[in-house]
Each structure stands twice: as C-alpha cells, then as structure tokens.
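Coordinates as given in coords.txt (compact mmCIF, C-alpha atoms):
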# COMPACT_ATOMS: atom_id res chain seq x y z
CA MET U 228 0.00 0.00 0.00
CA SER U 229 1.17 3.52 -0.75
CA SER U 230 2.42 5.57 2.15
CA ILE U 231 1.59 8.81 0.31
CA PRO U 232 -1.58 10.53 1.55
CA THR U 233 -4.07 11.46 -1.19
CA ASP U 234 -6.86 14.04 -1.17
CA GLN U 235 -4.16 16.50 -0.14
CA TRP U 236 -2.58 19.70 -1.41
CA TYR U 237 1.09 19.43 -2.38
CA VAL U 238 3.55 22.06 -3.55
CA ALA U 239 4.31 21.32 -7.20
CA ALA U 240 6.58 24.24 -8.03
CA TYR U 241 7.48 27.81 -7.32
CA GLY U 242 5.31 30.21 -9.27
CA ARG U 243 8.44 31.50 -10.97
CA GLU U 244 9.09 28.08 -12.49
CA ILE U 245 5.88 28.09 -14.51
CA GLY U 246 5.53 30.45 -17.45
CA GLN U 247 3.93 30.31 -20.87
CA GLU U 248 5.78 27.19 -21.81
CA LEU U 249 5.31 23.51 -21.03
CA PHE U 250 6.61 22.36 -17.65
CA SER U 251 6.38 18.83 -16.30
CA ARG U 252 6.88 17.46 -12.83
CA THR U 253 5.94 14.16 -11.24
CA ILE U 254 3.93 14.64 -8.05
CA CYS U 255 2.93 11.63 -5.94
CA GLY U 256 3.65 9.34 -8.87
CA GLU U 257 1.54 11.33 -11.33
CA SER U 258 3.20 13.05 -14.29
CA ILE U 259 1.63 16.48 -14.46
CA LEU U 260 1.90 19.11 -17.18
CA PHE U 261 1.80 22.74 -16.10
CA TRP U 262 1.71 25.99 -17.96
CA ARG U 263 0.55 29.53 -17.40
CA THR U 264 -2.26 30.74 -19.64
CA GLY U 265 -2.23 34.07 -21.42
CA ALA U 266 -4.41 35.36 -18.57
CA GLY U 267 -1.69 34.38 -16.06
CA GLU U 268 -3.46 31.38 -14.51
CA VAL U 269 -1.51 28.21 -13.79
CA THR U 270 -3.14 25.15 -15.30
CA ALA U 271 -2.32 21.52 -14.54
CA MET U 272 -3.24 18.34 -16.41
CA SER U 273 -1.93 14.90 -17.14
CA ASP U 274 1.33 14.89 -19.06
CA ARG U 275 0.19 11.93 -21.18
CA CYS U 276 -1.72 12.27 -24.44
CA VAL U 277 -4.93 10.21 -24.22
CA HIS U 278 -4.12 8.71 -27.62
CA ARG U 279 -0.78 6.90 -27.29
CA ARG U 280 0.48 8.40 -24.03
CA PHE U 281 3.17 10.57 -25.59
CA PRO U 282 4.35 13.07 -22.95
CA LEU U 283 2.91 16.45 -23.82
CA SER U 284 5.89 18.15 -22.23
CA GLU U 285 8.27 16.46 -24.69
CA ALA U 286 9.32 18.16 -27.90
CA PRO U 287 8.03 18.40 -30.49
CA SER U 288 4.85 18.84 -28.42
CA ARG U 289 4.24 22.56 -28.13
CA LEU U 290 2.03 25.24 -26.67
CA VAL U 291 0.08 27.36 -29.16
CA ASP U 292 -2.25 30.08 -27.86
CA ASP U 293 -3.26 28.33 -24.63
CA GLN U 294 -3.56 24.98 -26.36
CA VAL U 295 -1.08 22.15 -26.17
CA VAL U 296 -0.44 20.18 -29.34
CA CYS U 297 0.88 16.64 -28.95
CA GLY U 298 4.13 16.28 -30.83
CA TYR U 299 3.34 12.72 -31.91
CA HIS U 300 -0.05 12.87 -33.74
CA GLY U 301 -1.31 16.38 -33.12
CA PHE U 302 -4.03 15.79 -30.52
CA THR U 303 -4.75 19.30 -29.26
CA TYR U 304 -5.99 20.19 -25.77
CA GLY U 305 -7.33 23.35 -24.16
CA ALA U 306 -6.33 24.73 -20.77
CA ASP U 307 -9.11 22.71 -19.14
CA GLY U 308 -7.68 19.46 -20.52
CA ARG U 309 -10.47 18.94 -23.05
CA CYS U 310 -9.33 17.72 -26.48
CA VAL U 311 -10.35 20.20 -29.14
CA ALA U 312 -8.83 18.64 -32.25
CA VAL U 313 -7.64 15.27 -33.47
CA PRO U 314 -5.94 14.54 -36.79
CA GLY U 315 -7.86 13.57 -39.91
CA GLN U 316 -11.42 13.73 -38.60
CA THR U 317 -13.84 16.35 -37.39
CA ARG U 318 -15.40 14.34 -34.54
CA VAL U 319 -13.46 14.52 -31.30
CA PRO U 320 -14.27 11.55 -29.05
CA ARG U 321 -16.13 12.71 -25.95
CA THR U 322 -13.75 10.81 -23.72
CA ALA U 323 -10.77 12.66 -25.15
CA ARG U 324 -9.96 14.71 -22.09
CA LEU U 325 -6.83 14.92 -20.01
CA LYS U 326 -7.15 14.47 -16.28
CA SER U 327 -6.96 17.98 -14.87
CA TYR U 328 -5.78 18.98 -11.41
CA PRO U 329 -7.02 21.77 -9.14
CA THR U 330 -4.26 24.30 -8.48
CA VAL U 331 -3.77 27.23 -6.15
CA GLU U 332 -0.97 29.76 -6.42
CA ARG U 333 -0.20 31.13 -2.97
CA ASP U 334 2.79 32.41 -0.99
CA SER U 335 5.09 31.95 -4.01
CA PHE U 336 4.16 28.26 -4.36
CA VAL U 337 1.99 26.48 -6.89
CA TRP U 338 -0.07 23.91 -5.00
CA VAL U 339 -1.71 20.98 -6.74
CA TRP U 340 -4.48 18.75 -5.39
CA ILE U 341 -3.72 15.05 -5.56
CA GLY U 342 -6.89 13.01 -5.16
CA ASP U 343 -10.61 13.49 -5.81
CA PRO U 344 -11.00 16.94 -7.39
CA ALA U 345 -14.44 17.31 -5.81
CA LYS U 346 -12.79 17.40 -2.40
CA ALA U 347 -10.29 20.14 -3.23
CA ASP U 348 -10.81 23.15 -0.97
CA PRO U 349 -8.48 26.07 -1.75
CA ALA U 350 -9.07 27.42 1.75
CA ALA U 351 -7.36 24.33 3.16
CA VAL U 352 -3.99 25.19 1.59
CA PRO U 353 -1.65 25.84 4.54
CA ARG U 354 -0.04 29.26 4.55
CA ALA U 355 3.53 30.56 4.58
CA PRO U 356 2.86 34.28 4.18
CA TRP U 357 6.44 35.45 4.79
CA LEU U 358 7.55 34.06 1.44
CA ALA U 359 5.59 36.71 -0.44
CA SER U 360 5.61 39.48 2.16
CA PRO U 361 7.31 42.83 1.55
CA ASP U 362 8.40 42.77 5.20
CA TYR U 363 10.67 39.79 4.54
CA THR U 364 13.39 38.93 2.08
CA THR U 365 13.37 35.34 0.91
CA VAL U 366 15.86 33.02 -0.74
CA SER U 367 14.67 29.63 -1.93
CA GLY U 368 15.38 26.57 -3.99
CA MET U 369 14.53 22.92 -4.51
CA GLU U 370 16.75 19.88 -4.32
CA PRO U 371 15.82 16.43 -5.59
CA LEU U 372 15.94 13.75 -2.92
CA LYS U 373 16.29 10.08 -3.81
CA ALA U 374 14.51 9.03 -0.65
CA ARG U 375 10.94 8.54 0.52
CA PHE U 376 9.32 11.68 1.88
CA GLU U 377 8.89 10.21 5.36
CA LEU U 378 12.66 10.33 5.85
CA LEU U 379 12.65 14.07 5.27
CA VAL U 380 9.75 14.44 7.74
CA ASP U 381 11.74 12.51 10.35
CA ASN U 382 14.77 14.67 9.61
CA LEU U 383 12.99 18.01 9.93
CA LEU U 384 10.92 17.14 13.00
CA ASP U 385 14.04 16.31 15.01
CA LEU U 386 16.53 19.15 14.73
CA SER U 387 18.97 17.58 17.19
CA HIS U 388 20.65 16.22 14.05
CA GLU U 389 21.86 19.77 13.32
CA THR U 390 24.55 19.31 15.95
CA TYR U 391 26.05 16.32 14.15
CA LEU U 392 25.15 16.62 10.48
CA HIS U 393 25.31 20.40 10.14
CA GLY U 394 28.16 21.40 12.46
CA GLY U 395 29.88 24.56 11.21
CA TYR U 396 26.68 25.75 9.52
CA ILE U 397 23.62 25.68 11.79
CA GLY U 398 24.59 23.05 14.34
CA THR U 399 25.95 23.82 17.80
CA PRO U 400 26.13 21.60 20.90
CA GLU U 401 23.08 23.24 22.47
CA VAL U 402 20.63 22.04 19.83
CA ALA U 403 20.98 18.37 20.67
CA ALA U 404 21.31 19.14 24.37
CA THR U 405 18.14 21.18 24.83
CA PRO U 406 14.80 19.55 25.70
CA THR U 407 11.75 20.11 23.52
CA THR U 408 8.06 20.63 24.05
CA THR U 409 5.73 18.94 21.57
CA GLU U 410 2.09 19.73 20.93
CA VAL U 411 -0.33 17.95 18.61
CA ASP U 412 -3.70 19.14 17.39
CA ASP U 413 -5.31 16.40 15.32
CA GLU U 414 -8.30 18.48 14.35
CA ALA U 415 -6.17 21.37 13.06
CA GLY U 416 -3.64 18.94 11.59
CA ILE U 417 -0.56 20.44 13.25
CA VAL U 418 2.48 19.05 15.01
CA TYR U 419 4.36 21.76 16.93
CA VAL U 420 7.82 21.27 18.41
CA SER U 421 9.55 23.98 20.46
CA ARG U 422 13.18 24.06 21.44
CA HIS U 423 14.16 27.22 23.26
CA MET U 424 17.89 27.65 23.79
CA ASP U 425 18.43 30.64 26.04
CA ASP U 426 22.24 30.70 26.15
CA ALA U 427 23.74 29.15 23.06
CA GLU U 428 26.67 29.43 20.73
CA CYS U 429 25.80 31.41 17.60
CA PRO U 430 26.39 29.25 14.51
CA PRO U 431 27.92 30.82 11.38
CA PHE U 432 24.55 30.79 9.59
CA TYR U 433 23.21 33.33 12.07
CA ALA U 434 26.44 35.06 13.15
CA LYS U 435 27.32 36.20 9.64
CA SER U 436 23.78 37.11 8.64
CA THR U 437 22.79 39.01 11.82
CA GLY U 438 26.18 40.31 12.90
CA LEU U 439 25.69 38.94 16.43
CA THR U 440 29.03 37.83 17.80
CA GLY U 441 28.38 36.68 21.35
CA ARG U 442 26.18 33.98 22.76
CA ILE U 443 22.55 34.08 21.78
CA MET U 444 19.03 33.11 22.62
CA ARG U 445 17.98 30.75 19.86
CA TRP U 446 14.39 29.61 19.72
CA GLN U 447 13.28 27.00 17.24
CA ASP U 448 9.54 26.53 16.87
CA ILE U 449 8.49 23.94 14.33
CA GLU U 450 4.98 23.98 12.90
CA TYR U 451 4.32 21.02 10.62
CA SER U 452 1.08 20.66 8.69
CA PRO U 453 1.17 17.12 7.31
CA PRO U 454 1.78 16.05 4.74
CA CYS U 455 3.52 18.85 2.85
CA LEU U 456 4.21 22.12 4.65
CA TYR U 457 6.87 22.52 7.34
CA LYS U 458 7.71 25.84 8.96
CA LEU U 459 10.53 26.56 11.37
CA HIS U 460 10.02 29.85 13.20
CA SER U 461 13.55 30.77 14.23
CA ARG U 462 14.16 33.59 16.70
CA ILE U 463 17.69 34.86 17.32
CA ALA U 464 18.55 37.50 19.92
CA PRO U 465 21.34 38.45 22.32
CA VAL U 466 21.15 36.49 25.57
CA GLY U 467 18.45 37.90 27.85
CA VAL U 468 16.60 39.82 25.14
CA LEU U 469 12.98 38.72 25.24
CA PRO U 470 9.86 39.74 23.33
CA ARG U 471 8.17 42.76 24.90
CA PRO U 472 5.07 42.44 27.06
CA ASP U 473 2.89 43.73 24.21
CA GLY U 474 4.05 40.82 22.05
CA SER U 475 6.26 42.89 19.76
CA ASP U 476 9.80 41.70 19.30
CA PRO U 477 11.82 44.45 17.64
CA ASP U 478 15.14 43.52 19.25
CA ALA U 479 15.32 40.00 17.82
CA PHE U 480 16.08 38.61 14.38
CA HIS U 481 13.42 36.38 12.86
CA VAL U 482 13.99 33.77 10.20
CA GLU U 483 11.17 31.68 8.80
CA VAL U 484 12.58 28.50 7.32
CA VAL U 485 9.95 26.82 5.15
CA TYR U 486 10.08 23.40 3.56
CA ALA U 487 7.57 21.83 1.23
CA ILE U 488 7.92 18.08 1.33
CA THR U 489 6.41 16.73 -1.86
CA PRO U 490 6.63 13.07 -2.80
CA GLU U 491 7.77 12.57 -6.38
CA THR U 492 7.38 8.80 -6.17
CA GLU U 493 7.25 6.30 -3.32
CA HIS U 494 11.03 6.54 -3.12
CA SER U 495 11.89 10.09 -4.16
CA THR U 496 10.95 13.56 -2.98
CA HIS U 497 10.99 17.18 -4.08
CA ASP U 498 12.72 19.04 -1.25
CA PHE U 499 11.58 22.67 -1.57
CA TRP U 500 13.29 25.04 0.86
CA ALA U 501 12.96 28.74 1.57
CA VAL U 502 14.55 31.09 4.09
CA ALA U 503 12.71 34.35 4.83
CA ARG U 504 14.25 36.99 7.12
CA ASP U 505 13.00 40.24 8.64
CA PHE U 506 16.40 41.96 8.74
CA ALA U 507 18.99 43.18 6.23
CA LEU U 508 16.16 43.19 3.73
CA ASP U 509 18.11 44.86 0.94
CA ASP U 510 21.50 43.30 1.62
CA GLN U 511 22.26 41.08 -1.35
CA GLY U 512 25.37 39.78 0.40
CA VAL U 513 23.21 38.40 3.21
CA SER U 514 20.82 36.89 0.68
CA ASP U 515 23.66 35.22 -1.20
CA PHE U 516 25.19 33.93 2.03
CA LEU U 517 21.95 32.48 3.41
CA ALA U 518 21.08 30.90 0.06
CA GLU U 519 24.48 29.25 -0.22
CA GLN U 520 24.50 28.15 3.41
CA ASN U 521 20.99 26.75 3.42
CA ARG U 522 21.48 24.94 0.12
CA THR U 523 24.63 23.38 1.58
CA VAL U 524 22.69 22.29 4.67
CA VAL U 525 19.90 20.84 2.51
CA LEU U 526 22.45 18.95 0.43
CA GLN U 527 23.98 17.53 3.62
CA ASP U 528 20.53 16.19 4.48
CA VAL U 529 20.02 14.93 0.93
CA ALA U 530 23.30 13.00 1.03
CA ALA U 531 22.43 11.39 4.36
CA LEU U 532 18.84 10.56 3.42
CA ASP U 533 19.83 9.16 0.02
CA VAL U 534 22.11 6.75 1.87
CA LEU U 535 19.36 5.91 4.34
CA GLU U 536 16.89 5.21 1.53
CA ARG U 537 19.31 2.75 -0.07
CA VAL U 538 19.82 1.02 3.26
CA ILE U 539 16.08 0.76 3.97
CA ALA U 540 15.25 -0.37 0.43
CA SER U 541 17.88 -3.11 0.51
CA GLU U 542 16.98 -4.60 3.88
CA PRO U 543 14.00 -6.76 4.82
CA PRO U 544 11.06 -5.00 6.45
CA GLY U 545 10.45 -5.24 10.16
CA TYR U 546 13.56 -3.51 11.46
CA GLN U 547 12.84 -2.42 15.01
CA GLU U 548 13.98 1.18 15.36
CA LEU U 549 14.74 2.68 18.73
CA SER U 550 13.14 6.00 19.61
CA ILE U 551 14.23 8.35 22.38
CA ASN U 552 13.06 11.73 23.67
CA ILE U 553 14.33 13.65 20.63
CA ASP U 554 11.85 11.65 18.52
CA THR U 555 8.72 12.84 20.33
CA GLY U 556 7.72 15.21 17.51
CA GLY U 557 8.77 12.84 14.75
CA LEU U 558 6.60 10.05 16.14
CA ALA U 559 3.65 12.42 16.33
CA ALA U 560 4.16 13.33 12.68
CA ARG U 561 4.41 9.68 11.66
CA ARG U 562 1.13 8.92 13.40
CA MET U 563 -0.62 11.85 11.76
CA LEU U 564 0.66 10.80 8.33
CA ALA U 565 -0.49 7.23 8.93
CA LYS U 566 -3.98 8.50 9.75
CA LEU U 567 -4.05 10.54 6.54
CA VAL U 568 -3.25 7.40 4.54
CA GLU U 569 -5.64 5.15 6.47
CA PRO U 570 -8.05 7.13 8.63
CA SER U 571 -9.31 4.07 10.48
CA ALA U 572 -5.82 3.03 11.49
CA ALA U 573 -4.63 4.14 14.90
CA PRO U 574 -1.03 3.00 15.04
CA ALA U 575 -0.29 4.33 18.48
CA ARG U 576 2.90 2.34 18.63
CA THR U 577 5.09 3.68 15.87
CA ALA U 578 8.50 3.24 17.45
CA MET C 106 17.51 28.32 31.84
CA ASN C 107 15.40 26.55 29.20
CA VAL C 108 12.08 28.03 30.17
CA GLU C 109 9.28 25.79 29.04
CA PRO C 110 7.84 27.34 25.88
CA THR C 111 4.49 29.01 26.03
CA ARG C 112 1.56 26.87 25.05
CA MET C 113 1.35 27.41 21.29
CA LEU C 114 -1.63 25.40 20.07
CA THR C 115 -4.94 26.44 21.57
CA GLY C 116 -7.50 23.99 20.16
CA PRO C 117 -9.70 21.93 22.49
CA GLY C 118 -8.02 18.65 21.56
CA VAL C 119 -4.35 19.50 21.99
CA LEU C 120 -2.01 16.85 23.37
CA ARG C 121 1.19 18.15 24.96
CA VAL C 122 4.48 16.50 25.80
CA VAL C 123 7.07 18.42 27.78
CA TRP C 124 10.58 17.05 28.10
CA LEU C 125 11.21 18.09 31.67
CA PRO C 126 14.38 20.21 31.82
CA GLY C 127 17.19 18.62 33.76
CA SER C 128 15.73 15.14 33.39
CA ASP C 129 15.15 12.44 30.83
CA LEU C 130 11.43 12.38 31.59
CA LEU C 131 8.52 13.33 29.39
CA ARG C 132 5.33 14.70 30.88
CA GLY C 133 2.31 14.08 28.70
CA THR C 134 -0.83 16.15 29.23
CA CYS C 135 -4.05 15.06 27.60
CA HIS C 136 -6.70 17.44 26.31
CA CYS C 137 -8.85 16.17 29.19
CA GLY C 138 -6.36 17.53 31.71
CA ALA C 139 -4.92 14.23 32.88
CA ALA C 140 -1.13 14.01 32.96
CA TYR C 141 1.39 11.23 32.96
CA LEU C 142 5.15 10.99 33.37
CA ALA C 143 6.96 8.66 30.98
CA GLU C 144 10.48 7.61 30.19
CA GLY C 145 10.19 7.70 26.42
CA PRO C 146 8.12 8.99 23.50
CA VAL C 147 6.50 5.68 22.56
CA GLU C 148 5.23 5.25 26.08
CA VAL C 149 3.92 8.80 26.35
CA TRP C 150 2.10 8.68 23.00
CA ASP C 151 0.61 5.28 23.85
CA TRP C 152 -0.83 6.77 27.02
CA LEU C 153 -2.05 10.01 25.40
CA LEU C 154 -3.64 8.23 22.46
CA GLY C 155 -5.27 5.72 24.76
CA HIS C 156 -7.61 8.42 26.06
CA PRO C 157 -9.71 7.98 28.13
CA VAL C 158 -8.14 4.79 29.49
CA GLY C 159 -6.37 5.72 32.71
CA HIS C 160 -7.24 9.40 32.32
CA ASP C 161 -9.98 9.51 34.93
CA ALA C 162 -7.74 10.98 37.62
CA ALA C 163 -6.47 14.52 37.36
CA ALA C 164 -2.73 15.10 37.18
CA VAL C 165 -0.99 13.61 40.17
CA ASP C 166 2.33 14.55 41.62
CA GLY C 167 5.47 13.61 39.78
CA ALA C 168 6.55 10.86 42.12
CA ALA C 169 3.25 9.05 41.81
CA GLU C 170 3.28 9.51 38.03
CA LEU C 171 6.76 8.18 37.73
CA SER C 172 5.89 5.27 39.94
CA ALA C 173 2.94 4.53 37.69
CA ALA C 174 5.11 4.94 34.64
CA ARG C 175 7.60 2.40 35.92
CA ARG C 176 5.10 -0.28 36.85
Structure encoded using structure tokens:
Amino acid sequence: MSSIPTDQWYVAAYGREIGQELFSRTICGESILFWRTGAGEVTAMSDRCVHRRFPLSEAPSRLVDDQVVCGYHGFTYGADGRCVAVPGQTRVPRTARLKSYPTVERDSFVWVWIGDPAKADPAAVPRAPWLASPDYTTVSGMEPLKARFELLVDNLLDLSHETYLHGGYIGTPEVAATPTTTEVDDEAGIVYVSRHMDDAECPPFYAKSTGLTGRIMRWQDIEYSPPCLYKLHSRIAPVGVLPRPDGSDPDAFHVEVVYAITPETEHSTHDFWAVARDFALDDQGVSDFLAEQNRTVVLQDVAALDVLERVIASEPPGYQELSINIDTGGLAARRMLAKLVEPSAAPARTA
Amino acid sequence: MNVEPTRMLTGPGVLRVVWLPGSDLLRGTCHCGAAYLAEGPVEVWDWLLGHPVGHDAAAVDGAAELSAARR
C-alpha cells in the first residue's frame, strides 16, 4: 500500500518556475503538465496524451495560444484538458480529455491537489505568508531527494541532528542538548515542536547574517502541517533579550525557514526550501550567504537521506527502530501521516 | 535556563508533551487535563492516544506519576 496521503494539497513548483511554456513534474507518482495561460493562470493536467500516451511536455509537443499540441499525432488540448482537435477527422471523441488537477498559487508556491478533485478546498492550503511578504526577504530553492518523503519528515521534526550533520553551519552543541516541548492538534492537523535555547553558541549561519558575535538566545519553533508544509520559526537574539510584554519583538532577528515536502514517487521527494528573514532586507550579500548556506545544509541532508533510503530499500522489512526523547515530535508526525493514509488506522505504537 | 515554551496550540483537543528540563522524563498532558510521566516517547504517545483509558484521575504529583510509569 502507498504511504503517500491522497486528497491533499502538495507544492508542485514555485510560481516563478511556470511560465507560458510547457513544464512537467511528477507529483505523488503522477506526471503532471503545467503551464501559465495568457491570462496568467496556472493550469495543470496529465502529461500523457490520451491517444498513445506521448508526454505532452516532450518536444516536439508545443504550446500554441493556450492549447497544447501533442508532438506525436497532433491531438490538441485546451487549458481545461479537453481535447479540441484530433488529426484527420472532425469528430473529437467525448472521452478525449486529459485528467486535470485543481491548483492554487499562494505564498510563491503552486499547490496541486492530488486526489478526488471534488474534495479540493483552496481554503485548506496551509499558509507561509512570509515568502511573499514585503516585510521579509526570501531566498529559496529545490533539491531532488532520492529518498521517501517520510525520511525528510523525520529529519525536519528532530533538529537535534543539526549538531552532528550540520556542524559549522547551523549546528551547535546546544541544539541536541536542549529539551523540547511537543504539541499535537489532530483536528487542526498540526504538530508543533519547540526548542528554546536561552544561552547558546551562535552558529555561522546566524552570526554572519545578523552580525551577532556573542552567545545568543535561539528559539526553534516547528509547525508542521502534514503532509507537505513545514515551517521553522527561528528567533535569534542576544542572551536575555525577550519579546516585549505587548508581544512585539523588535530587538530579535526572525527567520522563517519553510520546507515543502512533496513526494515525487514512493522513493523520491521534491525538497523545496525557503529562508525568509526580517532583517537586512536589501542586503544582497546576506541573501547570497543564506542561500548558499541553506542549500549546503539541505544537500547535507540529501546526502544522508539518500544513503538511508538505499539502506532501507535493501533490507528486509520489520527492522525495530529505537526512539528516544528527541523523537517525540517525529513520532507524532508519523502517526498523523499514517492517519491521513488510512483514517481508520490508529497506530499508536510507531517506534 | 530553558524556560518551558508558552503553550502554542490552543484547540480543544491538543495533546502536549514536555521534556522536563534537567531530566530524561517526558510529561504528557491530555486534552482532558490528565497528565502522565513517561520515560520515552513511545510510552507517552501510547498513554495520550489511549484516552480515556487511565485518564480519569487529574494530574498527580510527579513521584506518583513516575511510579505509575515504571510499573
């Protein structure tokens, strides 16, 4: 059985990736063709011609005035996926229609609904407003991961690995050493993990971007909305500097680290990452530094998880993992994902 | 100092697990108010997700919880 939840919104691309040309990406095992219409709307449909399955994203298929023409026999489809012309005859079979996918463009992402289109509710798309806010400057990218998406969920829900895998970038001894608080709201579909380090070494990622040189308060607050959207609210401040009683926090630096965890197949994942900051908004040097640093960190995860995927795929099932306190949030996420796949299942014991 | 973070999720069904600073213990608090002290995440989630089994008593003191957790 698939471990990928359906009837869910997934990030398919950044809006900037999709223009008035054919763009294909496999999401949850489905090859999907995207393009932006002349009116600026993103449209999504199957990337397989109904006739002989030629990929519509492959040359010499082409886009002509908001219609895609199959490069093999000329089947022509409108932006709604309906076939409008076939070669050599005037009658277009009524069943000649590409599967189309609901899409929502929001917060710089293009979201696509995988599942029953009748259940797609645009209001249910989880938000990451910083990515498109004028009050923040954002750098972002996407790295392909040759590992199942659950491994990236495990990775991101337990940041103690920063100390070991990302030393010299974002890892310091305090991350692994500091206890967490975990909250779960099944109805809202959120796993929240807080780790508040109140006297910590400042890693290069934050020292060079904020200019802070001494020890810092470093608060990591994870908000995961299974299956796709992960947000790390990161607060950096000199030791002892707290938010003000009115809730404002002008003396701290805030970084919103956002990941979209989108399964490509059962064993590969699109690892979208974005780093939004509320300081040094116009400093291109800071942008370049954070982009290079975060991409390096993501690639460190990718290398480790690619190895882990090969290990898991090559060994018999039934390996009994050991979970400790650092895994409290990760186990909560696993359980929530399992319920999305099989609502009647209640695998309380997911060690 | 590791001050326990403020309660972040406010829904009526929130489950909460606090890794008690200075210890290896996890304190699980159910949405019904009952609490339990555990020595690992599997144990604490088993108890929380078992609601309402064993949740009839309000939170008891740590020693009693730990004693219960170790039975």
### Query
Any idea what's packed within 12 Å of Ala345 in chain U, counting only C-alpha atoms, ignoring anything in its chain fewer than 5 positions away? Could you give it as a ChimeraX atom specification?
/U:234-235,327-329,340
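Of the listed residues U:Val311, U:Val339, U:Thr322, U:Tyr396, the one whose atoms come nearest to Leu260 in chain U is U:Val339, with distances taken using all atoms listed in the file.
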### Task
Kindly determine which residues of chain U lie within 9 Å of chain C, considering all atoms listed in the file, and give the answer as a count of residues only.
33
### Query
Counting only C-alpha atoms, what is within 8 Å of range 479-494 of chain U, bar same-chain residues fewer than 2 positions away, as number ranges by chain?
U: 229-231, 237-239, 253-256, 355, 357, 373-376, 379-380, 437, 454-465, 468-470, 476-477, 496-506, 536
Contact residues around Gly301 in chain U with all atoms listed in the file at 12 Å, ignoring same-chain residues under 3 positions, as a tab-separated table (two decimals) with C-alpha atoms, in the coordinates of the input:
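Wrote it out as selection.tsv, contents follow:
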chain	number	residue	atom	x	y	z
U	276	CYS	CA	-1.72	12.27	-24.44
U	277	VAL	CA	-4.93	10.21	-24.22
U	278	HIS	CA	-4.12	8.71	-27.62
U	279	ARG	CA	-0.78	6.90	-27.29
U	281	PHE	CA	3.17	10.57	-25.59
U	283	LEU	CA	2.91	16.45	-23.82
U	286	ALA	CA	9.32	18.16	-27.90
U	287	PRO	CA	8.03	18.40	-30.49
U	288	SER	CA	4.85	18.84	-28.42
U	289	ARG	CA	4.24	22.56	-28.13
U	290	LEU	CA	2.03	25.24	-26.67
U	291	VAL	CA	0.08	27.36	-29.16
U	294	GLN	CA	-3.56	24.98	-26.36
U	295	VAL	CA	-1.08	22.15	-26.17
U	296	VAL	CA	-0.44	20.18	-29.34
U	297	CYS	CA	0.88	16.64	-28.95
U	298	GLY	CA	4.13	16.28	-30.83
U	304	TYR	CA	-5.99	20.19	-25.77
U	310	CYS	CA	-9.33	17.72	-26.48
U	311	VAL	CA	-10.35	20.20	-29.14
U	312	ALA	CA	-8.83	18.64	-32.25
U	313	VAL	CA	-7.64	15.27	-33.47
U	314	PRO	CA	-5.94	14.54	-36.79
U	315	GLY	CA	-7.86	13.57	-39.91
U	316	GLN	CA	-11.42	13.73	-38.60
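Closest to Leu526 in chain U among U:His393, U:Arg445, U:Lys566, U:Lys435 is U:His393, based on all atoms listed in the file.
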#### Entry: Shell around Asp510 in chain U at 12 Å using all atoms listed in the file, local window under 6 positions removed, as number ranges by chain
U: 363-366, 436-437, 504, 516-517
Generate the output file for the selected residues, C-alpha atoms, as an mmCIF file, in the frame of the given file.
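See out_28.cif below for the written result:
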data_model
loop_
_atom_site.group_PDB
_atom_site.id
_atom_site.type_symbol
_atom_site.label_atom_id
_atom_site.label_comp_id
_atom_site.auth_asym_id
_atom_site.auth_seq_id
_atom_site.Cartn_x
_atom_site.Cartn_y
_atom_site.Cartn_z
ATOM 1 C CA TYR U 363 10.670 39.790 4.540
ATOM 2 C CA THR U 364 13.390 38.930 2.080
ATOM 3 C CA THR U 365 13.370 35.340 0.910
ATOM 4 C CA VAL U 366 15.860 33.020 -0.740
ATOM 5 C CA SER U 436 23.780 37.110 8.640
ATOM 6 C CA THR U 437 22.790 39.010 11.820
ATOM 7 C CA ARG U 504 14.250 36.990 7.120
ATOM 8 C CA PHE U 516 25.190 33.930 2.030
ATOM 9 C CA LEU U 517 21.950 32.480 3.410
#
Size and centre in Å, one decimal, axis-aligned box, all listed range 148-157 of chain C atoms plus 3 Å per side, as JSON:
{"center_x": -2.2, "center_y": 7.6, "center_z": 25.3, "size_x": 20.9, "size_y": 10.8, "size_z": 11.7}
### Query
To one decimal place, how far is CA of Ala518 in chain U from CA of Ile397 in chain U in Å?
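CA of Ile397 in chain U lies 13.1 Å from CA of Ala518 in chain U.
Here CA of Ala266 in chain U and CA of Ala306 in chain U stand 11.0 Å from one another.
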### Message
Distance cut-off 9 Å, centre (14.1, 17.8, 13.3) in file coordinates, counting all atoms listed in the file: which residues qualify? Return them as an MDAnalysis selection string.
### Response
chainID U and resid 379:389 420 449 553:554 556:557
### Summary
Expressed in Å, the length from CA of Gly368 in chain U to CA of Leu535 in chain U is 22.6 Å
### Task
Tell me, as number ranges by chain, which residues lie within 8 Å of Lys326 in chain U, counting all atoms listed in the file; anything in the same chain fewer than 3 positions away does not count.
U: 272-273, 308
Generate the missing atoms of range 444-455 of chain U up to N, CA and C atoms and report them as a short mmCIF file (atom, residue, chain, number, x, y, z; two decimals), in the frame of the given file.
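Listed below is the output, selection-v5.cif:
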data_model
loop_
_atom_site.label_atom_id
_atom_site.label_comp_id
_atom_site.auth_asym_id
_atom_site.auth_seq_id
_atom_site.Cartn_x
_atom_site.Cartn_y
_atom_site.Cartn_z
N MET U 444 20.24 33.89 22.41
CA MET U 444 19.03 33.11 22.62
C MET U 444 18.63 32.60 21.23
N ARG U 445 18.35 31.33 21.16
CA ARG U 445 17.98 30.75 19.86
C ARG U 445 16.74 29.89 20.08
N TRP U 446 15.65 30.34 19.56
CA TRP U 446 14.39 29.61 19.72
C TRP U 446 14.01 29.00 18.38
N GLN U 447 13.74 27.71 18.44
CA GLN U 447 13.28 27.00 17.24
C GLN U 447 11.87 26.50 17.50
N ASP U 448 10.93 26.97 16.73
CA ASP U 448 9.54 26.53 16.87
C ASP U 448 9.06 25.95 15.54
N ILE U 449 8.89 24.65 15.54
CA ILE U 449 8.49 23.94 14.33
C ILE U 449 6.97 23.84 14.28
N GLU U 450 6.42 24.13 13.11
CA GLU U 450 4.98 23.98 12.90
C GLU U 450 4.82 23.16 11.61
N TYR U 451 4.44 21.91 11.78
CA TYR U 451 4.32 21.02 10.62
C TYR U 451 2.85 20.73 10.36
N SER U 452 2.44 20.97 9.12
CA SER U 452 1.08 20.66 8.69
C SER U 452 1.15 19.50 7.71
N PRO U 453 1.03 18.28 8.19
CA PRO U 453 1.17 17.12 7.31
C PRO U 453 0.12 17.16 6.19
N PRO U 454 0.49 16.69 4.99
CA PRO U 454 1.78 16.05 4.74
C PRO U 454 2.87 16.98 4.22
N CYS U 455 2.53 18.18 3.70
CA CYS U 455 3.52 18.85 2.85
C CYS U 455 4.27 20.01 3.49
#
